[in-house]
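Okay, my_file_11.tsv now, which holds TSV, C-alpha atoms:
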chain	number	residue	atom	x	y	z
W	1	MET	CA	-22.79	7.88	1.90
W	2	ASN	CA	-20.48	6.79	4.72
W	3	GLN	CA	-18.95	3.37	4.07
W	4	ALA	CA	-16.61	3.44	7.06
W	5	ALA	CA	-16.11	0.45	9.30
W	6	ASP	CA	-17.62	2.17	12.38
W	7	THR	CA	-19.26	5.37	13.51
W	8	GLN	CA	-16.07	7.31	14.33
W	9	PRO	CA	-15.27	10.23	12.01
W	10	PRO	CA	-13.08	8.93	9.14
W	11	ILE	CA	-9.56	10.26	8.67
W	12	LEU	CA	-10.08	10.20	4.88
W	13	GLU	CA	-13.33	10.50	2.98
W	14	LEU	CA	-13.72	10.58	-0.79
W	15	GLU	CA	-16.90	12.04	-2.23
W	16	ASN	CA	-17.60	11.49	-5.96
W	17	VAL	CA	-13.95	11.82	-6.97
W	18	SER	CA	-13.21	11.64	-10.72
W	19	LYS	CA	-10.07	11.97	-12.81
W	20	LYS	CA	-9.74	11.71	-16.58
W	21	PHE	CA	-6.89	12.31	-18.98
W	22	VAL	CA	-7.52	14.02	-22.31
W	23	LEU	CA	-5.73	12.21	-25.14
W	24	LYS	CA	-3.59	13.97	-27.69
W	25	GLN	CA	-5.64	14.39	-30.84
W	26	PRO	CA	-4.19	13.77	-34.35
W	27	ILE	CA	-4.12	16.82	-36.62
W	28	LEU	CA	-6.57	15.29	-39.10
W	29	ASP	CA	-9.09	14.62	-36.35
W	30	ARG	CA	-8.80	18.22	-35.21
W	31	LEU	CA	-9.30	19.52	-38.74
W	32	ARG	CA	-12.39	17.33	-39.10
W	33	GLY	CA	-13.80	18.69	-35.85
W	34	LYS	CA	-13.84	15.38	-34.05
W	35	PRO	CA	-14.39	15.64	-30.27
W	36	MET	CA	-11.47	15.14	-27.92
W	37	ARG	CA	-11.21	11.66	-26.39
W	38	SER	CA	-10.48	11.00	-22.73
W	39	VAL	CA	-9.38	8.10	-20.54
W	40	HIS	CA	-11.78	7.83	-17.60
W	41	ALA	CA	-9.27	6.57	-15.04
W	42	VAL	CA	-11.28	7.31	-11.87
W	43	ASP	CA	-15.02	7.83	-12.09
W	44	ASP	CA	-17.25	9.01	-9.23
W	45	VAL	CA	-15.44	7.16	-6.44
W	46	SER	CA	-16.68	7.47	-2.85
W	47	PHE	CA	-15.45	5.69	0.27
W	48	SER	CA	-13.96	6.46	3.67
W	49	ILE	CA	-11.11	5.14	5.82
W	50	GLN	CA	-10.98	5.12	9.61
W	51	GLN	CA	-8.00	6.16	11.71
W	52	GLY	CA	-5.68	3.16	12.18
W	53	GLU	CA	-7.34	1.12	9.44
W	54	ASN	CA	-5.63	-0.67	6.57
W	55	LEU	CA	-7.88	-0.57	3.51
W	56	GLY	CA	-6.91	-2.72	0.55
W	57	LEU	CA	-7.59	-1.57	-3.02
W	58	VAL	CA	-7.58	-4.36	-5.62
W	59	GLY	CA	-8.44	-4.84	-9.29
W	60	GLU	CA	-6.94	-5.73	-12.65
W	61	SER	CA	-4.08	-3.71	-14.13
W	62	GLY	CA	-5.37	-0.49	-15.69
W	63	CYS	CA	-8.50	-0.27	-13.52
W	64	GLY	CA	-7.43	3.07	-12.00
W	65	LYS	CA	-5.88	2.05	-8.67
W	66	SER	CA	-2.64	4.01	-9.04
W	67	THR	CA	-4.41	7.02	-10.53
W	68	LEU	CA	-6.73	7.09	-7.53
W	69	ALA	CA	-3.72	6.91	-5.19
W	70	ARG	CA	-2.02	9.82	-6.94
W	71	THR	CA	-5.23	11.81	-6.93
W	72	ILE	CA	-5.71	11.32	-3.19
W	73	SER	CA	-2.14	12.47	-2.55
W	74	ARG	CA	-2.71	15.39	-4.96
W	75	LEU	CA	0.02	14.40	-7.38
W	76	TYR	CA	-2.99	14.70	-9.72
W	77	LYS	CA	-5.70	17.28	-9.25
W	78	PRO	CA	-9.18	15.70	-9.34
W	79	ASP	CA	-11.58	16.86	-12.04
W	80	GLN	CA	-14.44	16.74	-9.58
W	81	GLY	CA	-15.30	15.57	-6.08
W	82	ARG	CA	-13.95	16.14	-2.58
W	83	ILE	CA	-10.98	14.53	-0.82
W	84	LEU	CA	-11.58	15.19	2.86
W	85	PHE	CA	-8.48	14.55	4.97
W	86	ASP	CA	-9.38	15.25	8.60
W	87	ASN	CA	-12.31	17.29	7.19
W	88	LYS	CA	-10.00	19.47	5.07
W	89	ASP	CA	-10.62	19.21	1.31
W	90	LEU	CA	-7.28	18.45	-0.35
W	91	ALA	CA	-8.85	19.09	-3.77
W	92	LEU	CA	-9.04	22.82	-2.93
W	93	LEU	CA	-5.53	23.22	-1.52
W	94	SER	CA	-2.38	24.44	-3.22
W	95	GLY	CA	1.01	25.90	-2.35
W	96	VAL	CA	1.97	26.06	1.32
W	97	GLU	CA	-1.37	24.69	2.53
W	98	LEU	CA	-1.06	21.58	0.37
W	99	ARG	CA	2.56	21.05	1.39
W	100	GLU	CA	1.59	21.17	5.06
W	101	GLU	CA	-1.09	18.51	4.57
W	102	ARG	CA	1.31	16.32	2.57
W	103	LYS	CA	3.52	16.07	5.63
W	104	ARG	CA	0.76	13.91	7.15
W	105	LEU	CA	-0.09	11.99	3.97
W	106	GLN	CA	2.82	10.20	2.29
W	107	MET	CA	3.26	7.64	-0.50
W	108	ILE	CA	5.38	4.53	-0.81
W	109	PHE	CA	5.87	3.83	-4.50
W	110	GLN	CA	5.90	0.58	-6.44
W	111	ASP	CA	9.37	0.65	-7.91
W	112	PRO	CA	12.20	1.16	-5.40
W	113	TYR	CA	14.63	1.36	-8.32
W	114	SER	CA	13.13	4.51	-9.82
W	115	SER	CA	11.56	6.21	-6.79
W	116	LEU	CA	14.97	7.06	-5.25
W	117	ASN	CA	17.35	9.59	-6.79
W	118	PRO	CA	20.46	7.58	-7.78
W	119	ARG	CA	22.67	10.67	-7.39
W	120	MET	CA	21.67	11.33	-3.79
W	121	SER	CA	23.10	9.47	-0.82
W	122	VAL	CA	20.78	8.22	1.89
W	123	ARG	CA	21.93	11.12	4.07
W	124	ASP	CA	21.19	13.68	1.31
W	125	MET	CA	17.78	12.14	0.60
W	126	LEU	CA	16.65	12.23	4.22
W	127	THR	CA	18.23	15.63	4.90
W	128	GLU	CA	16.33	17.10	1.97
W	129	SER	CA	13.02	15.74	3.24
W	130	LEU	CA	13.65	16.88	6.81
W	131	SER	CA	14.81	20.34	5.71
W	132	VAL	CA	12.03	21.04	3.21
W	133	HIS	CA	9.38	20.23	5.79
W	134	ASP	CA	11.32	21.81	8.67
W	135	ILE	CA	11.10	18.66	10.80
W	136	CYS	CA	14.21	19.14	12.95
W	137	ASP	CA	17.22	21.42	13.25
W	138	LYS	CA	20.73	20.56	12.03
W	139	LYS	CA	21.93	19.79	15.55
W	140	ASN	CA	19.47	16.90	15.91
W	141	MET	CA	19.49	15.75	12.28
W	142	GLU	CA	21.92	12.85	12.71
W	143	ALA	CA	20.06	11.36	15.66
W	144	TYR	CA	16.73	11.75	13.87
W	145	MET	CA	18.03	9.97	10.76
W	146	ALA	CA	19.48	7.19	12.89
W	147	GLY	CA	16.07	6.65	14.47
W	148	LEU	CA	14.35	6.58	11.09
W	149	LEU	CA	16.75	4.02	9.67
W	150	GLU	CA	16.48	1.89	12.79
W	151	GLN	CA	12.69	1.85	12.42
W	152	VAL	CA	13.00	0.22	9.00
W	153	GLY	CA	15.70	-2.26	10.06
W	154	MET	CA	18.75	-0.36	8.81
W	155	SER	CA	21.70	1.46	10.38
W	156	ILE	CA	23.03	5.02	10.25
W	157	ASN	CA	26.28	3.44	9.03
W	158	ILE	CA	24.78	3.23	5.51
W	159	ALA	CA	23.89	6.94	5.38
W	160	ASP	CA	26.66	7.86	2.95
W	161	ARG	CA	25.88	5.09	0.45
W	162	PHE	CA	23.85	5.55	-2.74
W	163	PRO	CA	20.71	3.69	-3.91
W	164	GLY	CA	22.67	1.69	-6.49
W	165	GLU	CA	24.57	0.00	-3.67
W	166	PHE	CA	21.44	-1.56	-2.16
W	167	SER	CA	19.21	-4.52	-3.01
W	168	GLY	CA	15.56	-4.03	-4.01
W	169	GLY	CA	14.29	-4.83	-0.52
W	170	GLN	CA	16.78	-2.42	1.06
W	171	ARG	CA	15.75	0.33	-1.36
W	172	GLN	CA	12.11	-0.16	-0.46
W	173	ARG	CA	13.06	0.13	3.21
W	174	LEU	CA	14.74	3.44	2.36
W	175	GLY	CA	11.57	4.53	0.54
W	176	ILE	CA	9.57	3.72	3.68
W	177	ALA	CA	12.08	5.65	5.83
W	178	ARG	CA	11.73	8.66	3.54
W	179	ALA	CA	7.93	8.49	3.83
W	180	LEU	CA	8.15	8.24	7.63
W	181	SER	CA	10.64	11.11	7.89
W	182	VAL	CA	7.89	13.75	8.09
W	183	SER	CA	5.87	11.85	10.73
W	184	PRO	CA	2.80	11.11	8.59
W	185	THR	CA	-0.48	9.76	9.95
W	186	PHE	CA	-1.61	8.30	6.61
W	187	ILE	CA	0.40	6.16	4.17
W	188	ILE	CA	-0.58	5.25	0.61
W	189	ALA	CA	1.33	2.10	-0.32
W	190	ASP	CA	1.05	1.69	-4.10
W	191	GLU	CA	2.03	-1.90	-4.96
W	192	PRO	CA	4.96	-1.65	-2.51
W	193	VAL	CA	6.18	-5.24	-2.96
W	194	SER	CA	5.29	-6.11	-6.57
W	195	ALA	CA	8.80	-5.26	-7.86
W	196	LEU	CA	10.52	-7.37	-5.19
W	197	ASP	CA	11.53	-11.01	-5.04
W	198	VAL	CA	8.98	-13.24	-3.32
W	199	SER	CA	11.49	-14.00	-0.56
W	200	ILE	CA	11.75	-10.27	0.26
W	201	GLN	CA	8.04	-9.41	-0.04
W	202	ALA	CA	7.11	-10.95	3.31
W	203	GLN	CA	9.80	-8.90	5.08
W	204	ILE	CA	8.41	-5.62	3.72
W	205	ILE	CA	4.81	-6.61	4.45
W	206	ASN	CA	5.71	-7.53	8.03
W	207	LEU	CA	7.61	-4.25	8.39
W	208	LEU	CA	4.57	-2.24	7.27
W	209	ASP	CA	2.38	-4.25	9.64
W	210	GLU	CA	4.72	-3.52	12.57
W	211	LEU	CA	5.00	0.18	11.70
W	212	GLN	CA	1.24	0.55	11.45
W	213	GLU	CA	0.81	-0.91	14.93
W	214	SER	CA	3.70	0.95	16.58
W	215	LEU	CA	3.04	4.36	14.97
W	216	GLY	CA	-0.75	4.19	14.72
W	217	LEU	CA	-0.66	4.68	10.95
W	218	THR	CA	-3.61	4.54	8.60
W	219	ILE	CA	-2.80	2.76	5.32
W	220	LEU	CA	-4.35	2.57	1.87
W	221	PHE	CA	-2.72	-0.60	0.54
W	222	ILE	CA	-2.89	-1.05	-3.24
W	223	SER	CA	-2.03	-4.45	-4.64
W	224	HIS	CA	-2.91	-7.03	-7.27
W	225	ASP	CA	-1.68	-9.82	-4.98
W	226	LEU	CA	-4.78	-11.00	-3.17
W	227	ARG	CA	-2.82	-13.20	-0.77
W	228	VAL	CA	-1.01	-10.13	0.57
W	229	VAL	CA	-4.24	-8.14	0.77
W	230	GLN	CA	-5.94	-10.94	2.70
W	231	HIS	CA	-3.07	-11.01	5.19
W	232	ILE	CA	-2.57	-7.31	5.93
W	233	THR	CA	-5.85	-5.39	5.43
W	234	HIS	CA	-8.98	-4.82	7.51
W	235	ARG	CA	-11.31	-4.02	4.59
W	236	VAL	CA	-11.05	-4.33	0.81
W	237	ALA	CA	-12.37	-2.13	-1.99
W	238	VAL	CA	-12.61	-3.85	-5.39
W	239	MET	CA	-12.14	-1.54	-8.38
W	240	TYR	CA	-13.16	-2.09	-12.00
W	241	LEU	CA	-12.77	0.40	-14.87
W	242	GLY	CA	-12.47	3.41	-12.59
W	243	LYS	CA	-15.29	2.50	-10.20
W	244	ILE	CA	-15.48	0.83	-6.79
W	245	ILE	CA	-17.83	-2.12	-7.26
W	246	GLU	CA	-17.58	-3.87	-3.88
W	247	LEU	CA	-16.43	-2.82	-0.40
W	248	SER	CA	-16.29	-5.23	2.51
W	249	PRO	CA	-14.42	-6.40	5.60
W	250	THR	CA	-11.53	-8.51	4.34
W	251	ALA	CA	-12.45	-11.81	5.98
W	252	GLU	CA	-16.07	-11.56	4.82
W	253	LEU	CA	-15.11	-10.67	1.25
W	254	PHE	CA	-12.81	-13.66	0.90
W	255	GLN	CA	-15.52	-15.90	2.31
W	256	GLN	CA	-18.34	-14.60	0.08
W	257	GLN	CA	-18.40	-12.10	-2.79
W	258	TYR	CA	-21.58	-10.28	-3.85
W	259	HIS	CA	-20.36	-8.77	-7.14
W	260	PRO	CA	-19.70	-11.22	-10.02
W	261	TYR	CA	-16.38	-9.51	-10.82
W	262	ALA	CA	-15.18	-9.70	-7.21
W	263	LYS	CA	-16.16	-13.37	-7.13
W	264	VAL	CA	-14.18	-14.24	-10.24
W	265	LEU	CA	-11.23	-12.04	-9.25
W	266	ILE	CA	-10.82	-13.75	-5.87
W	267	GLN	CA	-11.55	-17.30	-7.01
W	268	ALA	CA	-9.15	-16.95	-9.94
W	269	ALA	CA	-6.26	-15.94	-7.68
W	270	PRO	CA	-3.26	-18.30	-7.96
W	271	VAL	CA	-3.11	-21.14	-5.43
W	272	LEU	CA	-0.14	-23.38	-4.67
W	273	ASP	CA	-2.14	-26.63	-4.70
W	274	PRO	CA	-3.02	-27.50	-8.35
W	275	ARG	CA	-5.89	-29.68	-7.11
W	276	GLN	CA	-7.65	-26.56	-5.79
W	277	ARG	CA	-7.43	-24.59	-9.04
W	278	ASN	CA	-10.78	-23.82	-10.60
W	279	GLN	CA	-10.81	-23.39	-14.37
W	280	ASP	CA	-14.40	-22.14	-14.27
W	281	THR	CA	-13.43	-18.86	-12.62
W	282	VAL	CA	-11.45	-17.36	-15.49
W	283	ILE	CA	-12.80	-13.93	-16.49
W	284	ASP	CA	-14.02	-13.98	-20.08
W	285	GLY	CA	-12.50	-11.46	-22.48
W	286	GLU	CA	-10.46	-8.33	-21.86
W	287	PRO	CA	-11.61	-5.23	-19.93
W	288	PRO	CA	-13.36	-2.70	-22.21
W	289	SER	CA	-11.44	0.39	-23.23
W	290	PRO	CA	-11.47	3.17	-20.61
W	291	ILE	CA	-11.84	5.54	-23.58
W	292	ILE	CA	-15.07	4.01	-24.86
W	293	LEU	CA	-16.90	2.75	-21.80
W	294	PRO	CA	-19.81	0.30	-22.13
W	295	SER	CA	-23.29	1.52	-21.27
W	296	GLY	CA	-24.91	0.37	-18.05
W	297	CYS	CA	-22.82	-1.79	-15.76
W	298	ARG	CA	-19.22	-1.70	-16.95
W	299	PHE	CA	-18.74	-5.37	-16.21
W	300	HIS	CA	-21.75	-6.56	-18.20
W	301	PRO	CA	-19.82	-7.49	-21.41
W	302	ARG	CA	-17.87	-10.05	-19.35
W	303	CYS	CA	-20.51	-11.11	-16.81
W	304	LYS	CA	-22.18	-14.51	-17.07
W	305	TYR	CA	-25.11	-13.29	-14.95
W	306	VAL	CA	-25.89	-10.31	-17.23
W	307	GLN	CA	-29.53	-9.28	-17.75
W	308	ASP	CA	-31.13	-6.57	-19.88
W	309	LYS	CA	-31.13	-4.00	-17.06
W	310	CYS	CA	-27.36	-4.40	-16.66
W	311	LYS	CA	-26.77	-3.24	-20.25
W	312	VAL	CA	-28.56	0.09	-19.90
W	313	GLU	CA	-28.53	1.19	-16.24
W	314	LEU	CA	-25.40	1.89	-14.21
W	315	PRO	CA	-25.76	0.31	-10.73
W	316	GLU	CA	-25.17	2.46	-7.65
W	317	MET	CA	-23.33	1.33	-4.52
W	318	SER	CA	-25.80	0.04	-1.95
W	319	GLN	CA	-25.48	-1.74	1.37
W	320	VAL	CA	-26.53	-5.38	1.04
W	321	ILE	CA	-25.97	-6.24	4.70
W	322	PRO	CA	-24.30	-4.12	7.41
W	323	GLY	CA	-20.74	-3.33	6.33
W	324	ARG	CA	-21.10	-4.90	2.87
W	325	TRP	CA	-21.47	-2.54	-0.11
W	326	VAL	CA	-21.88	-3.56	-3.74
W	327	ALA	CA	-22.66	-1.89	-7.07
W	328	CYS	CA	-24.68	-4.59	-8.79
W	329	HIS	CA	-28.32	-4.85	-9.88
W	330	TYR	CA	-28.39	-8.55	-9.02
W	331	PRO	CA	-25.86	-9.20	-6.21
W	332	LEU	CA	-24.90	-12.81	-5.57
W	333	ILE	CA	-26.78	-13.29	-2.31
I'd like the structure from this file rewritten - as structure tokens, please.
Amino acid sequence: MNQAADTQPPILELENVSKKFVLKQPILDRLRGKPMRSVHAVDDVSFSIQQGENLGLVGESGCGKSTLARTISRLYKPDQGRILFDNKDLALLSGVELREERKRLQMIFQDPYSSLNPRMSVRDMLTESLSVHDICDKKNMEAYMAGLLEQVGMSINIADRFPGEFSGGQRQRLGIARALSVSPTFIIADEPVSALDVSIQAQIINLLDELQESLGLTILFISHDLRVVQHITHRVAVMYLGKIIELSPTAELFQQQYHPYAKVLIQAAPVLDPRQRNQDTVIDGEPPSPIILPSGCRFHPRCKYVQDKCKVELPEMSQVIPGRWVACHYPLI
């Protein structure tokens, strides 16, 4: 199933990707022969991303967004499925082959305070990245680093300073510079502004927007801030309890949602004008446990449109209209 925005071959295609984490079992449970329990973080996810596209990935905390990001980048090995990056399955790679592909697929992490080594200067951090991936020789290293730092709005004059000497926004710029150091074609931005002050968030978002245009980058942009997603992405995938439940062009999704969860998620987003706040769009209850998943549609315990079929049969992703995909037995058409 190709859910790409057009007919060009996608740069990234996920086919039935799953990732679960087996929980540590108490000794008494083991002695009693109880089965091992698992967290189903990512479950049978399929979608594709076109070259130059910015795809947003949204959903409540704990829905599996970050696990999916780390699985795509092969920080986690998927339990099943294929991760086709330029038609090469990352799920099958290891060692030198995987390292070579990672040069083209980089991550920007959520927390700029913990993603940088506090004992390494900016120069050491970038030198390590450039040396490990054999990007340039020592003679050209200084000029290359200067260009990288200039791209993210910084100067080579700060190269001998350490992360602790920078603000949160500056550290995130350094994280972006590190990601760009190996000339990637694909960036996974995992909540890149959520740890920053609101006044700084717009600067980082605009920087990513400019870099995508100037470098021709493809971006998977993960965020819980729907205002940011609406501003920067071309399409949006909505995730719930490890599954993609709606996929749509951004403008169309924010205008009309076909899945009840997507509808409530978007309409419940904070707005500045209190007169526009809608108290009827609050999602009832808490998400079910990813350890003990509900039967049928995973959203049915919280859905006000639930019917008997929803409780027993898991809906598959289907195309409602061209470009609009939804996993719901009774989409809101």
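Going from atom CA of Val326 of chain W to atom CA of Val193 of chain W covers 28.1 Å.
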Give me the residues near Lys263 of chain W as a CSV table (one decimal) with C-alpha atoms, in the frame of the given file, where near means some atom within 12 Å (using all atoms listed in the file) and where sequence neighbours in that chain fewer than 2 positions away do not count.
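So the final result, stored in part28.csv, reads:
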chain,number,residue,atom,x,y,z
W,59,GLY,CA,-8.4,-4.8,-9.3
W,238,VAL,CA,-12.6,-3.8,-5.4
W,245,ILE,CA,-17.8,-2.1,-7.3
W,246,GLU,CA,-17.6,-3.9,-3.9
W,253,LEU,CA,-15.1,-10.7,1.2
W,254,PHE,CA,-12.8,-13.7,0.9
W,255,GLN,CA,-15.5,-15.9,2.3
W,256,GLN,CA,-18.3,-14.6,0.1
W,257,GLN,CA,-18.4,-12.1,-2.8
W,258,TYR,CA,-21.6,-10.3,-3.8
W,259,HIS,CA,-20.4,-8.8,-7.1
W,260,PRO,CA,-19.7,-11.2,-10.0
W,261,TYR,CA,-16.4,-9.5,-10.8
W,265,LEU,CA,-11.2,-12.0,-9.2
W,266,ILE,CA,-10.8,-13.8,-5.9
W,267,GLN,CA,-11.6,-17.3,-7.0
W,268,ALA,CA,-9.2,-17.0,-9.9
W,269,ALA,CA,-6.3,-15.9,-7.7
W,280,ASP,CA,-14.4,-22.1,-14.3
W,281,THR,CA,-13.4,-18.9,-12.6
W,282,VAL,CA,-11.4,-17.4,-15.5
W,283,ILE,CA,-12.8,-13.9,-16.5
W,303,CYS,CA,-20.5,-11.1,-16.8
W,304,LYS,CA,-22.2,-14.5,-17.1
W,305,TYR,CA,-25.1,-13.3,-15.0
W,326,VAL,CA,-21.9,-3.6,-3.7
W,331,PRO,CA,-25.9,-9.2,-6.2
W,332,LEU,CA,-24.9,-12.8,-5.6
W,333,ILE,CA,-26.8,-13.3,-2.3
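Considering the residues W:Asp225, W:Val45, W:Pro163, W:Asp86 and counting only C-alpha atoms, Gln8 of chain W has its shortest atom-to-atom contact with W:Asp86.
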Can you pull out every residue within 7 Å of segment 34-38 of chain W, counting all atoms listed in the file, but drop anything in the same chain fewer than 2 positions away, and send it as a ChimeraX atom specification? /W:20-23,25,29-30,32,40,291
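Take atom CA of Ser121 of chain W and atom CA of Glu101 of chain W: the distance between them is 26.4 Å.
One finds atom CA of Gln80 of chain W at 29.0 Å from atom CA of Thr250 of chain W.
You can rank W:Gly95, W:Gly168, W:Pro322, W:Pro78 by their closest distance to Ser194 of chain W using only C-alpha atoms, and at the top of that list sits W:Gly168.
Counting only C-alpha atoms, the residue from W:Leu293, W:Gln319, W:Ile204, W:Ser183 that sits nearest to Cys136 of chain W is W:Ser183.
Minimum atom-to-atom distances from W:Ile232, W:Ala159, W:Ile222, W:Leu126 to Ile187 of chain W were compared using all atoms listed in the file, and the lowest value belongs to W:Ile222.
Distances here use all atoms listed in the file; by that measure, the residue among W:Ala202, W:Leu14, W:Ala195, W:Ala177 closest to Ile83 of chain W is W:Leu14.
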Given 6 Å on each side, where is the centre and what are the edge lengths in Å to one decimal of the axis-aligned box enclosing the listed atoms of segment 72-81 of chain W, as AutoDock Vina command-line options?
--center_x -7.6 --center_y 14.3 --center_z -7.3 --size_x 27.3 --size_y 18.0 --size_z 21.5
Contact residues around Met141 of chain W with only C-alpha atoms at 10 Å, ignoring same-chain residues under 5 positions, as a CSV table (one decimal) with C-alpha atoms, in the coordinates of the input:
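Result written to selection_25.csv:
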chain,number,residue,atom,x,y,z
W,123,ARG,CA,21.9,11.1,4.1
W,126,LEU,CA,16.6,12.2,4.2
W,127,THR,CA,18.2,15.6,4.9
W,130,LEU,CA,13.6,16.9,6.8
W,131,SER,CA,14.8,20.3,5.7
W,135,ILE,CA,11.1,18.7,10.8
W,136,CYS,CA,14.2,19.1,13.0
W,146,ALA,CA,19.5,7.2,12.9
W,147,GLY,CA,16.1,6.6,14.5
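Comparing the minimum interatomic distances between His231 of chain W and each of W:Ser199, W:Ile49, W:Phe186, W:Gly56, counting all atoms listed in the file, we find that W:Gly56 sits nearest.
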Leaving out segment 96-98 of chain W and any residue of its chain fewer than 5 positions from it, which residues lie within 9 Å of it when counting only C-alpha atoms, given as a VMD selection string? chain W and resid 74 90 103
